[in-house]
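Report on the following structure.
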Amino acid sequence: MDAVLALYRELRPHDPPLARENAARLWARISDGAQSLVVVGESEGRIGATCMLALIANLASGGRPIGFIEHVVTAADLRRRGLAEACLRFALEQAWQLGCCKVVLLSGALRPQAHRVYEKLGFDGDVERGFVIKRPAD
């Protein structure tokens with residue numbers, strides 16, 4: 001959990017900190033649940049990449065779930081070693097084994113290097129269009 005949280009801080013340094021007890025509770029819920037999976041890639045004895053696969057129940061597509069991949073991140077000093085690609089391959093294998101009809105992955109619009117990795121794995125940014133709205137600041 002700590003290694004994954006450190007990677008998230010690298011990806012999103014401006015996110016508000018998550019209290020340890022809340023992080024532990026959420027980690028248990030994610031790791032114990034059948035609807036989500038945190039994938040990690042290890043290099044040089046440490047966790048250097050991660051992604052999360054979440055399954056969304058679906059009434060369309062014959063009831064097959066939709067896979068949703070988020071928080072793909074690799075430690076800056078371990079990039080270009082295939083860690084994120086390996087994490088994504090594993091997440092996709094799991095999604096197909098779990099019967100997903102499709103897998104959706106959102107990525108920052110200004111991350112062309114990451115987009116090349118996603119396209120290499122078969123993701124197509126022109127099939128459907130993603131729209132995002134974020135919660136207004138309180």
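Lettering and numbering for the structure tokens are positional, with chains as A, B, ... in the shown order, residues counted from 1 in each chain, and ligands counted from 1 in the shown order.
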
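For stretch 21-38 of chain A, the non-local neighbours within 7 Å, defined as residues at least 6 positions apart in the same chain or in other chains and counting only C-alpha atoms, are Met1, Cys51, Met52, Leu53, Ala54 and Leu55 of chain A.
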
(request) Name the residues of stretch 63-121 of chain A that fall into strand (DSSP E) according to DSSP on the backbone, using the chain letters and numbers of this document, as JSON, numbers by chain. (result) {"A": [66, 67, 68, 69, 70, 71, 72, 73, 74, 102, 103, 104, 105]}

(request) Could you give me, as an NGL selection string, the residues within 12 Å of stretch 114-125 of chain A, counting only C-alpha atoms and dropping anything in the same chain fewer than 2 positions from it? (result) :A and (69 or 71-74 or 79-93 or 102-112 or 127-130)

(message) Quick one: residues within 10 Å of A:Ala75, only C-alpha atoms, excluding same-chain residues fewer than 5 positions away - as a list in words?
(response) Ala6, Leu7, Tyr8, Glu10, Leu11, Ile47, Gly48, Ala49, Thr50, Leu83 and Ala84 of chain A

Write the residues of the preceding selection, restricted to C-alpha atoms, as a compact mmCIF listing (two decimals), in the first residue's frame.
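Below you can see result30.txt, which holds the result:
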# COMPACT_ATOMS: atom_id res chain seq x y z
CA ALA A 6 4.08 6.89 -3.15
CA LEU A 7 3.54 6.33 -6.88
CA TYR A 8 0.20 8.14 -6.70
CA GLU A 10 4.34 11.14 -8.00
CA LEU A 11 1.43 11.12 -10.45
CA ILE A 47 7.35 -1.54 -6.69
CA GLY A 48 7.96 0.76 -9.62
CA ALA A 49 4.64 0.82 -11.48
CA THR A 50 0.97 0.30 -10.84
CA LEU A 83 6.84 -1.94 -16.15
CA ALA A 84 3.63 -0.06 -16.95

(request) Write out as number ranges by chain all residues of chain A that backbone DSSP assigns to helix (DSSP H, G or I). (result) A: 2-11, 20-32, 61-63, 76-78, 83-97, 112-120

Contacts of A:Arg46 at 10 Å or less, counting only C-alpha atoms, minus same-chain residues fewer than 5 places along, as a compact mmCIF listing (two decimals) with N, CA and C atoms, in the first residue's frame?
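That gives us result.txt:
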# COMPACT_ATOMS: atom_id res chain seq x y z
N ALA A 3 3.91 1.72 -1.08
CA ALA A 3 4.60 1.91 -2.36
C ALA A 3 3.64 2.44 -3.42
N VAL A 40 0.68 -4.28 -9.60
CA VAL A 40 1.97 -3.63 -9.40
C VAL A 40 3.05 -4.32 -10.22
N GLY A 41 4.02 -3.54 -10.63
CA GLY A 41 5.20 -4.05 -11.32
C GLY A 41 6.43 -3.77 -10.49
